[in-house]
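One file, model.pdb, is given below (PDB, C-alpha atoms, pLDDT in the B column).
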ATOM      1  CA  MET A   1     -71.174 -18.407  28.999  1.00 61.00           C
ATOM      2  CA  ALA A   2     -70.993 -14.727  28.050  1.00 68.00           C
ATOM      3  CA  LYS A   3     -68.527 -14.103  30.844  1.00 63.00           C
ATOM      4  CA  ALA A   4     -66.267 -16.918  29.622  1.00 66.00           C
ATOM      5  CA  GLN A   5     -66.361 -15.589  26.062  1.00 68.00           C
ATOM      6  CA  TYR A   6     -65.532 -12.092  27.320  1.00 62.00           C
ATOM      7  CA  GLU A   7     -62.595 -13.330  29.360  1.00 66.00           C
ATOM      8  CA  GLU A   8     -61.295 -15.371  26.428  1.00 69.00           C
ATOM      9  CA  LYS A   9     -61.565 -12.317  24.213  1.00 71.00           C
ATOM     10  CA  GLN A  10     -59.650 -10.233  26.744  1.00 71.00           C
ATOM     11  CA  ARG A  11     -56.999 -12.927  27.063  1.00 76.00           C
ATOM     12  CA  LYS A  12     -56.474 -12.963  23.311  1.00 71.00           C
ATOM     13  CA  LYS A  13     -56.232  -9.159  23.252  1.00 73.00           C
ATOM     14  CA  ALA A  14     -53.645  -9.257  26.021  1.00 68.00           C
ATOM     15  CA  ALA A  15     -51.695 -11.956  24.235  1.00 70.00           C
ATOM     16  CA  ALA A  16     -51.800  -9.943  21.010  1.00 71.00           C
ATOM     17  CA  ARG A  17     -50.565  -6.834  22.846  1.00 77.00           C
ATOM     18  CA  ALA A  18     -47.754  -8.802  24.451  1.00 70.00           C
ATOM     19  CA  ALA A  19     -46.735 -10.275  21.099  1.00 72.00           C
ATOM     20  CA  ALA A  20     -46.802  -6.813  19.481  1.00 73.00           C
ATOM     21  CA  GLU A  21     -44.695  -5.373  22.304  1.00 74.00           C
ATOM     22  CA  GLN A  22     -42.215  -8.255  21.957  1.00 80.00           C
ATOM     23  CA  ARG A  23     -41.936  -7.645  18.199  1.00 82.00           C
ATOM     24  CA  ALA A  24     -41.399  -3.946  18.831  1.00 74.00           C
ATOM     25  CA  ARG A  25     -38.685  -4.678  21.380  1.00 77.00           C
ATOM     26  CA  ARG A  26     -37.044  -7.131  18.962  1.00 79.00           C
ATOM     27  CA  THR A  27     -37.151  -4.572  16.127  1.00 74.00           C
ATOM     28  CA  SER A  28     -35.712  -1.931  18.440  1.00 72.00           C
ATOM     29  CA  LEU A  29     -32.881  -4.237  19.487  1.00 71.00           C
ATOM     30  CA  ILE A  30     -32.124  -5.127  15.872  1.00 77.00           C
ATOM     31  CA  ARG A  31     -32.004  -1.444  14.909  1.00 75.00           C
ATOM     32  CA  LEU A  32     -29.808  -0.719  17.911  1.00 67.00           C
ATOM     33  CA  GLY A  33     -27.475  -3.575  16.935  1.00 71.00           C
ATOM     34  CA  ILE A  34     -27.244  -2.358  13.353  1.00 76.00           C
ATOM     35  CA  GLY A  35     -26.528   1.139  14.598  1.00 66.00           C
ATOM     36  CA  ILE A  36     -23.754  -0.092  16.877  1.00 64.00           C
ATOM     37  CA  VAL A  37     -22.219  -2.149  14.061  1.00 63.00           C
ATOM     38  CA  LEU A  38     -22.284   0.851  11.720  1.00 54.00           C
ATOM     39  CA  VAL A  39     -20.672   3.048  14.364  1.00 47.00           C
ATOM     40  CA  LEU A  40     -17.963   0.443  14.947  1.00 46.00           C
ATOM     41  CA  VAL A  41     -17.321   0.092  11.206  1.00 50.00           C
ATOM     42  CA  VAL A  42     -17.045   3.853  10.745  1.00 46.00           C
ATOM     43  CA  ALA A  43     -14.769   4.088  13.785  1.00 41.00           C
ATOM     44  CA  ALA A  44     -12.582   1.247  12.502  1.00 44.00           C
ATOM     45  CA  VAL A  45     -12.255   2.866   9.073  1.00 42.00           C
ATOM     46  CA  ALA A  46     -11.458   6.231  10.617  1.00 42.00           C
ATOM     47  CA  TYR A  47      -8.887   4.681  12.946  1.00 39.00           C
ATOM     48  CA  SER A  48      -7.312   2.762  10.064  1.00 45.00           C
ATOM     49  CA  GLN A  49      -7.032   5.946   8.023  1.00 50.00           C
ATOM     50  CA  TYR A  50      -5.618   7.834  11.001  1.00 43.00           C
ATOM     51  CA  THR A  51      -3.100   5.078  11.693  1.00 49.00           C
ATOM     52  CA  ARG A  52      -1.981   5.029   8.066  1.00 54.00           C
ATOM     53  CA  ARG A  53      -1.567   8.805   8.081  1.00 60.00           C
ATOM     54  CA  GLN A  54       0.541   8.524  11.230  1.00 58.00           C
ATOM     55  CA  LEU A  55       2.686   5.804   9.665  1.00 67.00           C
ATOM     56  CA  LEU A  56       3.209   7.889   6.528  1.00 81.00           C
ATOM     57  CA  GLN A  57       3.639  11.286   8.144  1.00 85.00           C
ATOM     58  CA  ASP A  58       7.401  11.345   7.484  1.00 90.00           C
ATOM     59  CA  VAL A  59       7.223  10.551   3.763  1.00 96.00           C
ATOM     60  CA  LYS A  60       9.734  12.610   1.798  1.00 95.00           C
ATOM     61  CA  THR A  61       8.294  14.085  -1.397  1.00 96.00           C
ATOM     62  CA  ALA A  62       9.614  15.641  -4.602  1.00 96.00           C
ATOM     63  CA  SER A  63       8.112  16.967  -7.823  1.00 96.00           C
ATOM     64  CA  TYR A  64      10.014  15.368 -10.700  1.00 97.00           C
ATOM     65  CA  SER A  65       8.497  15.432 -14.165  1.00 96.00           C
ATOM     66  CA  ALA A  66       8.089  12.129 -15.988  1.00 95.00           C
ATOM     67  CA  GLY A  67       9.184  10.913 -19.405  1.00 93.00           C
ATOM     68  CA  LEU A  68      12.767  12.231 -19.276  1.00 95.00           C
ATOM     69  CA  HIS A  69      14.940   9.528 -20.860  1.00 96.00           C
ATOM     70  CA  ALA A  70      18.714   9.667 -21.008  1.00 95.00           C
ATOM     71  CA  ALA A  71      21.525   7.240 -21.810  1.00 94.00           C
ATOM     72  CA  GLY A  72      24.479   6.557 -19.517  1.00 95.00           C
ATOM     73  CA  PRO A  73      24.947   7.112 -15.768  1.00 96.00           C
ATOM     74  CA  ILE A  74      22.792   9.796 -14.144  1.00 97.00           C
ATOM     75  CA  VAL A  75      23.541  11.755 -10.969  1.00 97.00           C
ATOM     76  CA  TYR A  76      20.551  11.914  -8.617  1.00 97.00           C
ATOM     77  CA  ALA A  77      19.844  14.267  -5.743  1.00 95.00           C
ATOM     78  CA  GLU A  78      18.338  11.563  -3.511  1.00 96.00           C
ATOM     79  CA  ASN A  79      19.935   8.343  -2.367  1.00 95.00           C
ATOM     80  CA  PRO A  80      18.210   6.191  -3.576  1.00 97.00           C
ATOM     81  CA  PRO A  81      16.558   8.366  -6.237  1.00 98.00           C
ATOM     82  CA  ILE A  82      12.811   8.939  -6.339  1.00 98.00           C
ATOM     83  CA  GLY A  83      12.372  10.430  -9.795  1.00 98.00           C
ATOM     84  CA  GLY A  84      13.899  12.474 -12.572  1.00 97.00           C
ATOM     85  CA  GLN A  85      15.774  11.418 -15.673  1.00 97.00           C
ATOM     86  CA  HIS A  86      16.117   7.694 -16.205  1.00 97.00           C
ATOM     87  CA  ASN A  87      17.109   5.068 -18.699  1.00 96.00           C
ATOM     88  CA  VAL A  88      14.700   4.266 -21.511  1.00 96.00           C
ATOM     89  CA  VAL A  89      14.632   0.637 -20.310  1.00 96.00           C
ATOM     90  CA  TRP A  90      12.915  -0.158 -17.010  1.00 97.00           C
ATOM     91  CA  GLN A  91      13.985  -2.736 -14.438  1.00 98.00           C
ATOM     92  CA  ASN A  92      11.837  -5.840 -14.335  1.00 98.00           C
ATOM     93  CA  CYS A  93      10.082  -5.979 -10.993  1.00 98.00           C
ATOM     94  CA  GLY A  94      11.250  -8.751  -8.689  1.00 98.00           C
ATOM     95  CA  ILE A  95      13.781  -9.678  -6.021  1.00 98.00           C
ATOM     96  CA  TYR A  96      17.481  -9.074  -6.707  1.00 98.00           C
ATOM     97  CA  GLU A  97      20.357 -10.441  -4.666  1.00 98.00           C
ATOM     98  CA  ALA A  98      22.760  -7.746  -5.892  1.00 98.00           C
ATOM     99  CA  PRO A  99      22.537  -3.980  -6.534  1.00 98.00           C
ATOM    100  CA  ILE A 100      20.792  -2.742  -9.681  1.00 98.00           C
ATOM    101  CA  HIS A 101      21.161   0.467 -11.684  1.00 98.00           C
ATOM    102  CA  ASN A 102      19.340   3.520 -10.347  1.00 98.00           C
ATOM    103  CA  GLU A 103      18.527   4.533 -13.895  1.00 98.00           C
ATOM    104  CA  HIS A 104      16.490   1.418 -14.659  1.00 98.00           C
ATOM    105  CA  ALA A 105      14.804   1.343 -11.238  1.00 98.00           C
ATOM    106  CA  VAL A 106      13.620   4.945 -11.542  1.00 98.00           C
ATOM    107  CA  HIS A 107      11.901   4.033 -14.801  1.00 98.00           C
ATOM    108  CA  SER A 108      10.131   1.178 -12.996  1.00 98.00           C
ATOM    109  CA  MET A 109       8.895   3.622 -10.363  1.00 98.00           C
ATOM    110  CA  GLU A 110       7.534   5.779 -13.169  1.00 98.00           C
ATOM    111  CA  HIS A 111       5.463   2.700 -14.095  1.00 98.00           C
ATOM    112  CA  GLY A 112       4.118   2.389 -10.538  1.00 98.00           C
ATOM    113  CA  ALA A 113       6.703   0.191  -8.823  1.00 98.00           C
ATOM    114  CA  VAL A 114       7.831   0.592  -5.221  1.00 98.00           C
ATOM    115  CA  TRP A 115      11.561   0.029  -4.891  1.00 98.00           C
ATOM    116  CA  ILE A 116      12.613  -1.425  -1.532  1.00 98.00           C
ATOM    117  CA  THR A 117      16.325  -1.126  -0.847  1.00 98.00           C
ATOM    118  CA  TYR A 118      18.351  -2.339   2.119  1.00 98.00           C
ATOM    119  CA  ARG A 119      21.899  -2.190   3.444  1.00 98.00           C
ATOM    120  CA  PRO A 120      23.996  -5.133   2.255  1.00 98.00           C
ATOM    121  CA  ASP A 121      24.830  -5.977   5.889  1.00 97.00           C
ATOM    122  CA  LEU A 122      21.188  -6.138   6.984  1.00 98.00           C
ATOM    123  CA  ALA A 123      20.528  -9.176   9.206  1.00 97.00           C
ATOM    124  CA  PRO A 124      19.466 -12.280   7.229  1.00 98.00           C
ATOM    125  CA  ASP A 125      16.124 -12.581   9.040  1.00 97.00           C
ATOM    126  CA  GLN A 126      15.365  -8.964   8.119  1.00 98.00           C
ATOM    127  CA  VAL A 127      16.238  -9.630   4.470  1.00 98.00           C
ATOM    128  CA  GLN A 128      13.921 -12.645   4.477  1.00 98.00           C
ATOM    129  CA  ARG A 129      11.167 -10.432   5.836  1.00 98.00           C
ATOM    130  CA  LEU A 130      11.707  -8.018   2.960  1.00 98.00           C
ATOM    131  CA  LYS A 131      11.679 -10.849   0.435  1.00 98.00           C
ATOM    132  CA  ALA A 132       8.323 -12.010   1.748  1.00 97.00           C
ATOM    133  CA  ILE A 133       6.952  -8.480   1.402  1.00 97.00           C
ATOM    134  CA  ALA A 134       8.411  -8.047  -2.098  1.00 97.00           C
ATOM    135  CA  ALA A 135       6.883 -11.279  -3.436  1.00 96.00           C
ATOM    136  CA  ASP A 136       4.153  -9.345  -5.218  1.00 95.00           C
ATOM    137  CA  ASP A 137       3.662  -7.412  -8.436  1.00 96.00           C
ATOM    138  CA  TYR A 138       5.093  -3.917  -8.989  1.00 98.00           C
ATOM    139  CA  LEU A 139       7.746  -4.350  -6.306  1.00 98.00           C
ATOM    140  CA  LEU A 140      11.525  -4.177  -6.612  1.00 98.00           C
ATOM    141  CA  LEU A 141      13.878  -5.385  -3.891  1.00 98.00           C
ATOM    142  CA  SER A 142      17.658  -5.033  -3.957  1.00 98.00           C
ATOM    143  CA  PRO A 143      20.613  -4.345  -1.666  1.00 98.00           C
ATOM    144  CA  TYR A 144      21.956  -0.800  -1.906  1.00 98.00           C
ATOM    145  CA  PRO A 145      25.521   0.063  -0.808  1.00 97.00           C
ATOM    146  CA  GLY A 146      25.814   3.296   1.128  1.00 94.00           C
ATOM    147  CA  LEU A 147      22.139   3.406   2.073  1.00 96.00           C
ATOM    148  CA  PRO A 148      21.536   6.085   4.757  1.00 92.00           C
ATOM    149  CA  HIS A 149      19.084   3.830   6.660  1.00 97.00           C
ATOM    150  CA  PRO A 150      18.757   0.059   7.044  1.00 98.00           C
ATOM    151  CA  VAL A 151      15.684  -0.025   4.778  1.00 98.00           C
ATOM    152  CA  VAL A 152      14.307   2.559   2.358  1.00 98.00           C
ATOM    153  CA  ALA A 153      11.085   2.389   0.330  1.00 98.00           C
ATOM    154  CA  SER A 154      10.886   4.593  -2.750  1.00 98.00           C
ATOM    155  CA  ALA A 155       8.099   5.363  -5.201  1.00 98.00           C
ATOM    156  CA  TRP A 156       7.879   8.080  -7.836  1.00 98.00           C
ATOM    157  CA  ASN A 157       8.321  11.381  -5.944  1.00 98.00           C
ATOM    158  CA  HIS A 158       7.890   9.667  -2.545  1.00 98.00           C
ATOM    159  CA  GLN A 159      10.258   7.999  -0.096  1.00 98.00           C
ATOM    160  CA  LEU A 160      10.187   6.673   3.471  1.00 97.00           C
ATOM    161  CA  THR A 161      13.035   5.290   5.599  1.00 97.00           C
ATOM    162  CA  PHE A 162      12.934   2.516   8.201  1.00 97.00           C
ATOM    163  CA  GLU A 163      15.190   1.110  10.879  1.00 96.00           C
ATOM    164  CA  ARG A 164      13.688  -2.382  10.601  1.00 97.00           C
ATOM    165  CA  ALA A 165      12.118  -4.514   7.896  1.00 97.00           C
ATOM    166  CA  ASP A 166       9.089  -5.266  10.081  1.00 96.00           C
ATOM    167  CA  ASP A 167       8.154  -1.615  10.542  1.00 96.00           C
ATOM    168  CA  ALA A 168       4.396  -1.254  10.020  1.00 94.00           C
ATOM    169  CA  GLY A 169       5.040   1.795   7.874  1.00 96.00           C
ATOM    170  CA  LEU A 170       6.511  -0.315   5.068  1.00 97.00           C
ATOM    171  CA  PRO A 171       3.321  -2.151   4.064  1.00 97.00           C
ATOM    172  CA  ALA A 172       1.420   1.110   4.577  1.00 96.00           C
ATOM    173  CA  PHE A 173       3.778   2.879   2.158  1.00 97.00           C
ATOM    174  CA  ILE A 174       3.390   0.080  -0.393  1.00 97.00           C
ATOM    175  CA  ALA A 175      -0.399   0.132  -0.083  1.00 96.00           C
ATOM    176  CA  ARG A 176      -0.446   3.899  -0.584  1.00 96.00           C
ATOM    177  CA  TYR A 177       1.956   4.305  -3.493  1.00 97.00           C
ATOM    178  CA  LYS A 178       2.299   1.021  -5.380  1.00 98.00           C
ATOM    179  CA  ASN A 179       0.688   1.323  -8.801  1.00 96.00           C
ATOM    180  CA  ASN A 180      -1.458   4.194  -7.541  1.00 97.00           C
ATOM    181  CA  PRO A 181      -3.053   6.073 -10.462  1.00 97.00           C
ATOM    182  CA  GLU A 182      -2.867   9.301  -8.457  1.00 96.00           C
ATOM    183  CA  THR A 183       0.914   9.146  -8.032  1.00 96.00           C
ATOM    184  CA  THR A 184       2.057   6.958 -10.959  1.00 97.00           C
ATOM    185  CA  PRO A 185       3.005   9.027 -14.030  1.00 97.00           C
ATOM    186  CA  GLU A 186       2.586   6.094 -16.424  1.00 96.00           C
ATOM    187  CA  PHE A 187      -0.159   4.160 -14.690  1.00 96.00           C
ATOM    188  CA  GLY A 188      -0.870   0.895 -16.467  1.00 93.00           C
ATOM    189  CA  ALA A 189       2.628   0.541 -17.920  1.00 97.00           C
ATOM    190  CA  ALA A 190       4.406  -2.782 -17.499  1.00 95.00           C
ATOM    191  CA  CYS A 191       6.868  -3.775 -14.826  1.00 96.00           C
ATOM    192  CA  ALA A 192       8.127  -6.679 -16.950  1.00 96.00           C
ATOM    193  CA  GLY A 193       9.656  -6.923 -20.398  1.00 96.00           C
ATOM    194  CA  GLY A 194      12.482  -4.539 -19.526  1.00 96.00           C
ATOM    195  CA  THR A 195      15.824  -5.641 -18.101  1.00 96.00           C
ATOM    196  CA  ARG A 196      17.119  -7.762 -15.221  1.00 97.00           C
ATOM    197  CA  ALA A 197      20.578  -6.234 -15.452  1.00 97.00           C
ATOM    198  CA  LEU A 198      22.616  -5.855 -12.274  1.00 98.00           C
ATOM    199  CA  ALA A 199      24.694  -2.784 -11.454  1.00 97.00           C
ATOM    200  CA  THR A 200      27.822  -4.658 -12.530  1.00 96.00           C
ATOM    201  CA  MET A 201      26.504  -4.896 -16.104  1.00 95.00           C
ATOM    202  CA  ASP A 202      26.877  -2.238 -18.785  1.00 93.00           C
ATOM    203  CA  SER A 203      23.208  -1.729 -19.630  1.00 94.00           C
ATOM    204  CA  LEU A 204      22.892   2.060 -19.595  1.00 95.00           C
ATOM    205  CA  THR A 205      23.931   2.850 -23.154  1.00 89.00           C
ATOM    206  CA  THR A 206      20.509   2.251 -24.705  1.00 73.00           C
ATOM    207  CA  VAL A 207      19.653   5.233 -26.888  1.00 66.00           C
ATOM    208  CA  PRO A 208      16.551   7.174 -25.745  1.00 66.00           C
ATOM    209  CA  GLY A 209      13.670   6.482 -28.067  1.00 57.00           C
ATOM    210  CA  ALA A 210      14.587   2.842 -28.551  1.00 53.00           C
ATOM    211  CA  MET A 211      11.648   1.949 -26.279  1.00 53.00           C
ATOM    212  CA  THR A 212       8.529   4.050 -25.956  1.00 44.00           C
ATOM    213  CA  ARG A 213       7.577   3.522 -22.300  1.00 46.00           C
TER     214      ARG A 213
END

Could the structure of this file be written out as structure tokens, please?
Amino acid sequence: MAKAQYEEKQRKKAAARAAAEQRARRTSLIRLGIGIVLVLVVAAVAYSQYTRRQLLQDVKTASYSAGLHAAGPIVYAENPPIGGQHNVVWQNCGIYEAPIHNEHAVHSMEHGAVWITYRPDLAPDQVQRLKAIAADDYLLLSPYPGLPHPVVASAWNHQLTFERADDAGLPAFIARYKNNPETTPEFGAACAGGTRALATMDSLTTVPGAMTR
């Protein structure tokens, strides 16, 4: 009887040890899995940041001051412009089928807009791609005669050129500079309530001071 009780006691101890070892192995595997997931997440974030830096490594920059309003046509150093003097009225963000005035578009960029321009002879499927990209807030899209590249993305003091509308650098540029408080002089200002004038319209004679932003 005593021997049977002893053996049963030993069996229970062995079972308890085995269960404890199984729990320990399970805990170790869970910790290992969590560690692997964390490493993969960190690696993915780092790779994403590296990829974005690579895509944006050729961004052209300038250092124009904001808030410089002027009436009438303005001569810009860049083509398209990326800052400087501009009309007191901003261009309403949206998709335009015809060229718009630089002077209004620059004001929109001061408010955080990214202005996507393309050659008027760009292939229709490429234009449709751009329209799909530009169907969001704080984005301007318009054809631009004499553009030095098929597609150009401009933000205040920043610009990047592309040979195709489906270049991965375009959404990366938009994500980096659109309505970014670090690069937008008048962050929080509207991209509506301005003008939808085309370049064929005489809309540049508004006197500075007539609108405040």

Inset, instruction - Excluding range 193-196 of chain A and any residue of its chain fewer than 4 positions from it, enumerate the residues within 8 Å of it, using only C-alpha atoms, and give them as an NGL selection string. - result: :A and (89-92 or 104)

Legend entry - Who sits within 8 Å of range 160-175 of chain A, all atoms listed in the file, same chain under 4 positions skipped, as a PyMOL selection string: chain A and resi 52+55-56+58-60+114+126-127+129-130+133+149-154

Inset, instruction - Pick out the closest residue to Glu182 in chain A from this set: A:Glu110, A:Ala199, A:Leu139, A:Asp125. Count all atoms listed in the file. - result: A:Glu110

Inset, instruction - Take the point (9.6, 14.2, -18.1) as written in the file and pick out every residue within 12 Å of it, counting all atoms listed in the file; give the list as a VMD selection string. - result: chain A and resid 63 to 70 83 to 88 107 110 185 to 186 213

Output of the above residues as a short mmCIF file (atom, residue, chain, number, x, y, z; two decimals), in the frame of the given file, restricted to C-alpha atoms:
data_model
loop_
_atom_site.label_atom_id
_atom_site.label_comp_id
_atom_site.auth_asym_id
_atom_site.auth_seq_id
_atom_site.Cartn_x
_atom_site.Cartn_y
_atom_site.Cartn_z
CA SER A 63 8.11 16.97 -7.82
CA TYR A 64 10.01 15.37 -10.70
CA SER A 65 8.50 15.43 -14.16
CA ALA A 66 8.09 12.13 -15.99
CA GLY A 67 9.18 10.91 -19.40
CA LEU A 68 12.77 12.23 -19.28
CA HIS A 69 14.94 9.53 -20.86
CA ALA A 70 18.71 9.67 -21.01
CA GLY A 83 12.37 10.43 -9.80
CA GLY A 84 13.90 12.47 -12.57
CA GLN A 85 15.77 11.42 -15.67
CA HIS A 86 16.12 7.69 -16.20
CA ASN A 87 17.11 5.07 -18.70
CA VAL A 88 14.70 4.27 -21.51
CA HIS A 107 11.90 4.03 -14.80
CA GLU A 110 7.53 5.78 -13.17
CA PRO A 185 3.00 9.03 -14.03
CA GLU A 186 2.59 6.09 -16.42
CA ARG A 213 7.58 3.52 -22.30
#

Inset, instruction - Identify all residues satisfying the PyMOL selection byres ((chain A and resi 121) around 10) in the given file; provide them as a list in words. - result: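 Evaluating the PyMOL selection byres ((chain A and resi 121) around 10) on this file yields Tyr118, Arg119, Pro120, Leu122, Ala123, Pro124, Val127, Pro143, Tyr144, Pro145 and Pro150 of chain A.
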
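Our summary of the geometry notes that CA of Gln57 in chain A is positioned 24.3 Å from CA of Ser108 in chain A.
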
Legend entry - Neighbour list for Thr61 in chain A as a PyMOL selection string, cut-off 10 Å, all atoms listed in the file, skip fewer than 5 positions in-chain: chain A and resi 82+154-160

Legend entry - Long-range neighbours of Gly188 in chain A as a list in words, 9 Å cut-off, only C-alpha atoms, 5 positions minimum in chain: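 Residues near the query, excluding close chain neighbours: His111, Gly112, Asn179 and Pro181 of chain A.
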
With C-alpha atoms kept, could you save the residues just selected as a PDB file, in the frame of the given file?
ATOM      1  CA  HIS A 111       5.463   2.700 -14.095  1.00 98.00           C
ATOM      2  CA  GLY A 112       4.118   2.389 -10.538  1.00 98.00           C
ATOM      3  CA  ASN A 179       0.688   1.323  -8.801  1.00 96.00           C
ATOM      4  CA  PRO A 181      -3.053   6.073 -10.462  1.00 97.00           C
TER       5      PRO A 181
END

Legend entry - Separation of CA of Glu103 in chain A from CA of Pro80 in chain A, in Å and rounded to one decimal: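 CA of Pro80 in chain A lies 10.5 Å from CA of Glu103 in chain A.
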
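The space between CA of Leu141 in chain A and CA of Met201 in chain A spans 17.6 Å.
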